[in-house]
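*Asks:* This is target-v2.cif, which holds mmCIF, C-alpha atoms and all ligand atoms:
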```
data_run
#
loop_
_atom_site.label_atom_id
_atom_site.label_comp_id
_atom_site.auth_asym_id
_atom_site.auth_seq_id
_atom_site.Cartn_x
_atom_site.Cartn_y
_atom_site.Cartn_z
CA MET A 1 36.99 -179.05 23.86
CA ILE A 2 37.92 -178.02 20.36
CA ASN A 3 41.55 -177.04 20.08
CA GLU A 4 41.65 -173.23 20.32
CA TYR A 5 44.09 -172.73 17.46
CA ASP A 6 42.25 -175.05 15.10
CA SER A 7 38.83 -173.59 15.74
CA GLN A 8 40.04 -170.01 15.36
CA SER A 9 41.76 -170.61 12.04
CA TYR A 10 38.72 -172.53 10.86
CA LEU A 11 36.24 -169.85 11.92
CA SER A 12 38.35 -167.10 10.32
CA ALA A 13 38.54 -169.00 7.07
CA ILE A 14 34.79 -169.17 6.50
CA GLY A 15 32.72 -166.16 5.52
CA GLY A 16 30.37 -164.03 7.59
CA THR A 17 29.93 -164.25 11.34
CA ALA A 18 30.89 -167.73 12.44
CA TYR A 19 30.81 -169.31 15.88
CA ILE A 20 30.75 -172.72 17.48
CA VAL A 21 28.20 -173.71 20.13
CA ASP A 22 28.65 -176.70 22.43
CA SER A 23 26.11 -179.38 23.29
CA GLU A 24 24.80 -177.22 26.15
CA TYR A 25 24.18 -174.39 23.69
CA LYS A 26 26.99 -172.27 25.12
CA ILE A 27 29.20 -170.32 22.74
CA ASN A 28 32.52 -172.14 22.63
CA SER A 29 34.50 -170.04 20.16
CA ILE A 30 33.91 -167.17 17.77
CA GLY A 31 35.57 -166.05 14.52
CA HIS A 32 37.01 -162.76 15.69
CA GLU A 33 36.91 -160.73 12.52
CA GLY A 34 33.35 -161.53 11.43
CA TRP A 35 31.99 -161.27 14.95
CA ASN A 36 33.56 -157.87 15.63
CA SER A 37 32.24 -156.28 12.47
CA PHE A 38 28.78 -157.73 13.19
CA ALA A 39 28.74 -156.40 16.77
CA THR A 40 29.98 -152.96 15.72
CA THR A 41 27.47 -152.50 12.87
CA ASN A 42 24.65 -153.61 15.18
CA GLY A 43 25.50 -150.99 17.77
CA ALA A 44 26.61 -153.52 20.37
CA PRO A 45 30.34 -152.79 20.81
CA GLU A 46 30.30 -154.54 24.21
CA LEU A 47 29.88 -157.79 22.32
CA THR A 48 33.29 -157.41 20.68
CA PHE A 49 34.97 -158.56 23.88
CA GLU A 50 35.42 -162.26 23.66
CA GLU A 51 35.08 -162.73 27.43
CA ASN A 52 31.53 -161.29 27.24
CA ILE A 53 30.54 -163.89 24.69
CA VAL A 54 32.32 -167.18 25.16
CA GLY A 55 30.46 -169.31 27.70
CA THR A 56 27.15 -167.46 27.17
CA SER A 57 24.11 -169.49 26.19
CA ILE A 58 22.84 -168.65 22.72
CA PHE A 59 19.35 -168.65 24.22
CA ASP A 60 20.34 -165.41 25.98
CA PHE A 61 20.34 -163.81 22.53
CA ILE A 62 17.05 -165.32 21.35
CA THR A 63 13.81 -163.63 22.38
CA GLY A 64 10.39 -165.29 22.31
CA ASP A 65 9.29 -168.77 23.40
CA LYS A 66 8.17 -169.82 19.93
CA ILE A 67 11.55 -168.85 18.49
CA LYS A 68 13.39 -170.77 21.22
CA GLU A 69 11.29 -173.84 20.44
CA PHE A 70 12.13 -173.40 16.77
CA TYR A 71 15.88 -173.50 17.48
CA LYS A 72 15.53 -176.45 19.87
CA GLN A 73 13.76 -178.33 17.08
CA ILE A 74 16.66 -177.60 14.72
CA PHE A 75 19.17 -178.93 17.28
CA SER A 76 17.22 -182.11 17.81
CA ASP A 77 16.82 -182.66 14.04
CA LEU A 78 20.57 -182.27 13.62
CA LEU A 79 21.40 -184.53 16.55
CA SER A 80 19.12 -187.29 15.35
CA GLU A 81 20.66 -186.84 11.91
CA ARG A 82 17.32 -186.11 10.33
CA LYS A 83 19.16 -183.17 8.78
CA ARG A 84 22.84 -182.51 8.06
CA SER A 85 22.45 -178.78 8.31
CA ALA A 86 19.63 -176.30 8.63
CA SER A 87 19.41 -172.85 7.18
CA VAL A 88 16.99 -170.03 7.62
CA ILE A 89 16.67 -166.43 6.46
CA ILE A 90 16.29 -164.19 9.47
CA ASN A 91 15.08 -160.66 9.37
CA CYS A 92 17.35 -158.44 11.40
CA ASP A 93 15.83 -155.01 10.77
CA GLY A 94 17.04 -151.75 12.23
CA PRO A 95 14.81 -148.66 12.47
CA THR A 96 15.79 -147.40 8.99
CA VAL A 97 17.22 -150.49 7.37
CA GLN A 98 15.72 -153.74 6.22
CA ARG A 99 18.32 -156.45 6.61
CA ASN A 100 18.19 -160.16 5.89
CA ILE A 101 20.67 -162.65 7.21
CA HIS A 102 21.20 -166.19 6.03
CA LEU A 103 21.95 -168.36 9.06
CA SER A 104 23.10 -171.93 8.69
CA ILE A 105 23.57 -174.35 11.55
CA SER A 106 25.50 -177.59 11.06
CA LEU A 107 26.46 -180.39 13.35
CA LEU A 108 30.18 -180.90 13.86
CA SER A 109 30.48 -184.53 14.87
CA MET A 110 33.73 -185.34 16.53
CA THR A 111 35.10 -188.59 17.73
CA ASN A 112 35.15 -189.00 21.50
CA THR A 113 33.50 -185.67 22.33
CA SER A 114 29.99 -184.32 22.54
CA PRO A 115 28.74 -182.71 19.36
CA TYR A 116 29.28 -179.07 18.52
CA TYR A 117 27.17 -176.86 16.32
CA LEU A 118 28.65 -174.51 13.76
CA PHE A 119 26.72 -171.28 13.21
CA GLN A 120 27.43 -169.18 10.17
CA ALA A 121 25.55 -165.94 9.52
CA ILE A 122 25.94 -164.08 6.24
CA GLY A 123 24.15 -160.85 5.32
CA VAL A 124 22.16 -161.32 2.12
CA SER A 125 20.45 -157.99 1.64
CA GLU A 126 20.29 -154.56 3.15
CA ASN A 127 17.89 -151.85 1.99
CA MET A 128 17.32 -148.42 3.44
CA ARG A 129 13.67 -147.53 4.01
CA PRO A 130 11.63 -144.89 5.84
CA PRO A 131 12.00 -145.36 9.61
CA ILE A 132 9.86 -147.92 11.45
CA ASP A 133 9.90 -146.32 14.87
CA PHE A 134 8.88 -149.33 16.96
CA LEU A 135 12.22 -150.90 16.01
CA ASP A 136 14.04 -147.95 17.59
CA LYS A 137 14.62 -148.81 21.25
CA LYS A 138 15.25 -145.21 22.35
CA LEU A 139 12.06 -143.88 20.74
CA VAL A 140 10.00 -146.72 22.19
CA HIS A 141 11.40 -146.07 25.63
CA LYS A 142 10.37 -142.41 25.41
CA ALA A 143 6.88 -143.26 24.16
CA LEU A 144 6.39 -145.88 26.86
CA ALA A 145 7.28 -143.51 29.66
CA ALA A 146 3.97 -141.69 29.03
CA LEU A 147 1.83 -144.83 29.13
CA LYS A 148 0.28 -146.89 31.91
CA ASP A 149 -0.79 -150.05 30.09
CA VAL A 150 1.81 -151.03 27.56
CA PRO A 151 0.28 -152.40 24.36
CA ILE A 152 1.86 -155.58 23.04
CA LEU A 153 2.79 -155.77 19.37
CA ALA A 154 3.54 -159.30 18.15
CA ILE A 155 6.35 -159.36 15.58
CA CYS A 156 7.53 -162.26 13.44
CA SER A 157 11.25 -162.86 13.93
CA PHE A 158 11.62 -164.24 10.44
CA CYS A 159 9.78 -161.78 8.17
CA ASN A 160 9.22 -158.89 10.60
CA LEU A 161 5.51 -158.64 9.85
CA VAL A 162 3.52 -157.43 12.86
CA ARG A 163 0.12 -158.53 14.09
CA TYR A 164 -2.43 -155.73 13.88
CA PRO A 165 -4.01 -154.33 15.97
CA VAL A 166 -1.88 -154.28 19.14
CA ASN A 167 -2.96 -156.76 21.82
CA SER A 168 -4.66 -158.92 19.19
CA ASN A 169 -4.33 -162.70 19.33
CA GLU A 170 -3.83 -165.33 16.64
CA LYS A 171 -7.55 -165.36 15.88
CA THR A 172 -8.30 -161.65 15.91
CA GLY A 173 -5.16 -160.14 14.36
CA ASN A 174 -3.88 -159.68 10.81
CA TRP A 175 -0.23 -159.80 9.82
CA ILE A 176 0.92 -156.61 8.09
CA THR A 177 4.17 -154.75 7.39
CA GLY A 178 5.65 -152.12 9.69
CA ALA A 179 4.85 -149.43 7.11
CA GLU A 180 1.20 -150.55 6.95
CA TYR A 181 1.05 -150.50 10.74
CA TYR A 182 1.86 -146.78 10.75
CA GLN A 183 -0.50 -146.12 7.81
CA LYS A 184 -3.27 -147.56 9.97
CA GLY A 185 -2.33 -145.20 12.78
CA GLY A 186 -0.26 -147.64 14.83
CA GLU A 187 1.69 -146.16 17.72
CA THR A 188 5.36 -146.34 18.63
CA GLY A 189 4.97 -147.00 22.38
CA VAL A 190 4.61 -150.76 22.17
CA LYS A 191 6.33 -153.74 23.70
CA LEU A 192 7.47 -156.11 20.97
CA SER A 193 6.65 -159.75 21.52
CA HIS A 194 8.79 -161.96 19.25
CA THR A 195 7.02 -164.89 17.66
CA ILE A 196 6.56 -166.66 14.31
CA CYS A 197 3.74 -165.69 11.93
CA PRO A 198 1.58 -168.50 10.44
CA HIS A 199 3.19 -168.16 7.00
CA CYS A 200 6.75 -168.51 8.30
CA TYR A 201 5.62 -171.25 10.69
CA ASP A 202 4.37 -173.34 7.75
CA GLU A 203 7.47 -172.60 5.70
CA HIS A 204 9.97 -173.75 8.34
ZN ZN B 1 6.79 -164.30 9.33
#
```
For this file, write the structure as structure tokens.
*Replies:*
Amino acid sequence: MINEYDSQSYLSAIGGTAYIVDSEYKINSIGHEGWNSFATTNGAPELTFEENIVGTSIFDFITGDKIKEFYKQIFSDLLSERKRSASVIINCDGPTVQRNIHLSISLLSMTNTSPYYLFQAIGVSENMRPPIDFLDKKLVHKALAALKDVPILAICSFCNLVRYPVNSNEKTGNWITGAEYYQKGGETGVKLSHTICPHCYDEH
């Protein structure tokens, strides 16, 4: 176990939202200041309570099998020392804002203990844009209530492109922006399925 005082002063000293994950992928400690402002701006005030976070698996916060595999690959690359640290730009869009986050994951090797991973997330850009309704959970919920068969819209967790049309597969669909989706008459009542588009897959 990392000494509580040491990890807290360390996590507060580095920028952005910083947290440490143990070898079982459970959140071990969080930098209070960065985490609280992140949770508040993302409309998740319940996440500002440390007891709701510490001990939780980070995989509880990651949606989509392909994305989970992606993170597992990063952990195994770090553990085998193929990489010292890994970084990735993640798209973290809200309904009216396009937001990119730079996430870096590094291995903290310590003598006589299992390894820990340091996560550091820093916002790199934020641009307002016309609303993309399928990113608005309340609107989607309303639209879904009227439907029997819920169409599935695949969305790339890295660049936020979506696969058009709904219910298409890797062979039949084309990756387009959220704005283009609505230009083509796309609907809001869709269930998002988080995955990685071919372009981002090749890049990472
Ligand atoms: Zn992508």
*Asks:* Ranking A:Glu126, A:Glu69, A:Glu81, A:Asp149 by minimum distance to A:Ile196 and counting only C-alpha atoms, which one comes first?
*Replies:* A:Glu69
*Asks:* Show me which residues sit within 9 Å of ligand ZN 1 (chain B) when counting all atoms listed in the file, and put them as a list in words.
*Replies:*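 Taking all atoms listed in the file into account, the residues around ligand ZN 1 (chain B) at most 9 Å away are Ile155, Cys156, Ser157, Phe158, Cys159, Asn160, Leu161, Val162, Trp175, Thr195, Ile196, Cys197, Pro198, His199, Cys200 and Tyr201 of chain A.
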*Asks:* When you look at stretch 89-92 of chain A with a cut-off of 12 Å (counting all atoms listed in the file), what residues show up, excluding the ones that are within fewer than 4 positions of it in the same chain? I need them as an NGL selection string.
*Replies:* :A and (38 or 41-42 or 62 or 67 or 96-105 or 120-127 or 135 or 155-161 or 194 or 196 or 200 or 203-204)
*Asks:* Near A:Asn167, within 8 Å and counting all atoms listed in the file, which residues show up once chain neighbours fewer than 5 positions away are dropped, as a PyMOL selection string?
*Replies:* chain A and resi 151-154
*Asks:* Taking 6 positions as the minimum chain separation for residues in the same chain, which residues sit within 8 Å of A:Tyr19 when counting all atoms listed in the file? Answer as a count of residues only.
*Replies:* 9
*Asks:* Within 8 Å of (28.8, -161.4, 12.7) (coordinates as in the file), grab all the protein and nucleic acid residues, counting all atoms listed in the file, and write them out as a count of residues only.
*Replies:* 11
*Asks:* What gap, in Å, lies between atom CA of A:Glu180 and atom CA of A:Pro95?
*Replies:*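 It comes out at 14.8 Å.
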*Asks:* Please, can stretch 56-80 of chain A be completed to N, CA and C atoms and returned as a PDB file, in the frame of the given file?
*Replies:*
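Final output, rebuild-v1.pdb:
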```pdb
ATOM      1  N   THR A  56      28.551-167.906  27.084  1.00  0.00           N
ATOM      2  CA  THR A  56      27.150-167.460  27.170  1.00  0.00           C
ATOM      3  C   THR A  56      26.254-168.413  26.398  1.00  0.00           C
ATOM      4  N   SER A  57      25.065-168.651  26.917  1.00  0.00           N
ATOM      5  CA  SER A  57      24.110-169.490  26.190  1.00  0.00           C
ATOM      6  C   SER A  57      23.552-168.713  25.016  1.00  0.00           C
ATOM      7  N   ILE A  58      23.415-169.372  23.854  1.00  0.00           N
ATOM      8  CA  ILE A  58      22.840-168.650  22.720  1.00  0.00           C
ATOM      9  C   ILE A  58      21.389-168.288  22.985  1.00  0.00           C
ATOM     10  N   PHE A  59      20.746-168.991  23.917  1.00  0.00           N
ATOM     11  CA  PHE A  59      19.350-168.650  24.220  1.00  0.00           C
ATOM     12  C   PHE A  59      19.232-167.299  24.927  1.00  0.00           C
ATOM     13  N   ASP A  60      20.369-166.768  25.427  1.00  0.00           N
ATOM     14  CA  ASP A  60      20.340-165.410  25.980  1.00  0.00           C
ATOM     15  C   ASP A  60      20.142-164.369  24.882  1.00  0.00           C
ATOM     16  N   PHE A  61      20.442-164.760  23.641  1.00  0.00           N
ATOM     17  CA  PHE A  61      20.340-163.810  22.530  1.00  0.00           C
ATOM     18  C   PHE A  61      19.050-164.011  21.738  1.00  0.00           C
ATOM     19  N   ILE A  62      18.261-165.007  22.112  1.00  0.00           N
ATOM     20  CA  ILE A  62      17.050-165.320  21.350  1.00  0.00           C
ATOM     21  C   ILE A  62      15.838-164.957  22.178  1.00  0.00           C
ATOM     22  N   THR A  63      14.998-164.063  21.642  1.00  0.00           N
ATOM     23  CA  THR A  63      13.810-163.630  22.380  1.00  0.00           C
ATOM     24  C   THR A  63      12.560-164.330  21.838  1.00  0.00           C
ATOM     25  N   GLY A  64      11.672-164.712  22.724  1.00  0.00           N
ATOM     26  CA  GLY A  64      10.390-165.290  22.310  1.00  0.00           C
ATOM     27  C   GLY A  64      10.383-166.809  22.439  1.00  0.00           C
ATOM     28  N   ASP A  65       9.364-167.329  23.141  1.00  0.00           N
ATOM     29  CA  ASP A  65       9.290-168.770  23.400  1.00  0.00           C
ATOM     30  C   ASP A  65       9.184-169.591  22.123  1.00  0.00           C
ATOM     31  N   LYS A  66       8.382-169.078  21.172  1.00  0.00           N
ATOM     32  CA  LYS A  66       8.170-169.820  19.930  1.00  0.00           C
ATOM     33  C   LYS A  66       9.480-169.938  19.154  1.00  0.00           C
ATOM     34  N   ILE A  67      10.274-168.864  19.205  1.00  0.00           N
ATOM     35  CA  ILE A  67      11.550-168.850  18.490  1.00  0.00           C
ATOM     36  C   ILE A  67      12.517-169.825  19.159  1.00  0.00           C
ATOM     37  N   LYS A  68      12.518-169.834  20.509  1.00  0.00           N
ATOM     38  CA  LYS A  68      13.390-170.770  21.220  1.00  0.00           C
ATOM     39  C   LYS A  68      13.045-172.207  20.859  1.00  0.00           C
ATOM     40  N   GLU A  69      11.744-172.496  20.827  1.00  0.00           N
ATOM     41  CA  GLU A  69      11.290-173.840  20.440  1.00  0.00           C
ATOM     42  C   GLU A  69      11.775-174.193  19.036  1.00  0.00           C
ATOM     43  N   PHE A  70      11.704-173.199  18.153  1.00  0.00           N
ATOM     44  CA  PHE A  70      12.130-173.400  16.770  1.00  0.00           C
ATOM     45  C   PHE A  70      13.596-173.848  16.723  1.00  0.00           C
ATOM     46  N   TYR A  71      14.464-173.147  17.473  1.00  0.00           N
ATOM     47  CA  TYR A  71      15.880-173.500  17.480  1.00  0.00           C
ATOM     48  C   TYR A  71      16.105-174.866  18.130  1.00  0.00           C
ATOM     49  N   LYS A  72      15.363-175.143  19.202  1.00  0.00           N
ATOM     50  CA  LYS A  72      15.530-176.450  19.870  1.00  0.00           C
ATOM     51  C   LYS A  72      15.176-177.574  18.901  1.00  0.00           C
ATOM     52  N   GLN A  73      14.147-177.335  18.069  1.00  0.00           N
ATOM     53  CA  GLN A  73      13.760-178.330  17.080  1.00  0.00           C
ATOM     54  C   GLN A  73      14.889-178.555  16.071  1.00  0.00           C
ATOM     55  N   ILE A  74      15.528-177.479  15.653  1.00  0.00           N
ATOM     56  CA  ILE A  74      16.660-177.600  14.720  1.00  0.00           C
ATOM     57  C   ILE A  74      17.758-178.453  15.355  1.00  0.00           C
ATOM     58  N   PHE A  75      18.101-178.168  16.623  1.00  0.00           N
ATOM     59  CA  PHE A  75      19.170-178.930  17.280  1.00  0.00           C
ATOM     60  C   PHE A  75      18.808-180.407  17.355  1.00  0.00           C
ATOM     61  N   SER A  76      17.559-180.700  17.667  1.00  0.00           N
ATOM     62  CA  SER A  76      17.220-182.110  17.810  1.00  0.00           C
ATOM     63  C   SER A  76      17.180-182.800  16.444  1.00  0.00           C
ATOM     64  N   ASP A  77      16.768-182.081  15.386  1.00  0.00           N
ATOM     65  CA  ASP A  77      16.820-182.660  14.040  1.00  0.00           C
ATOM     66  C   ASP A  77      18.263-182.968  13.629  1.00  0.00           C
ATOM     67  N   LEU A  78      19.175-182.063  13.984  1.00  0.00           N
ATOM     68  CA  LEU A  78      20.570-182.270  13.620  1.00  0.00           C
ATOM     69  C   LEU A  78      21.162-183.453  14.392  1.00  0.00           C
ATOM     70  N   LEU A  79      20.856-183.469  15.689  1.00  0.00           N
ATOM     71  CA  LEU A  79      21.400-184.530  16.550  1.00  0.00           C
ATOM     72  C   LEU A  79      20.924-185.905  16.115  1.00  0.00           C
ATOM     73  N   SER A  80      19.653-185.987  15.736  1.00  0.00           N
ATOM     74  CA  SER A  80      19.120-187.290  15.350  1.00  0.00           C
ATOM     75  C   SER A  80      19.459-187.593  13.896  1.00  0.00           C
TER      76      SER A  80
END
```
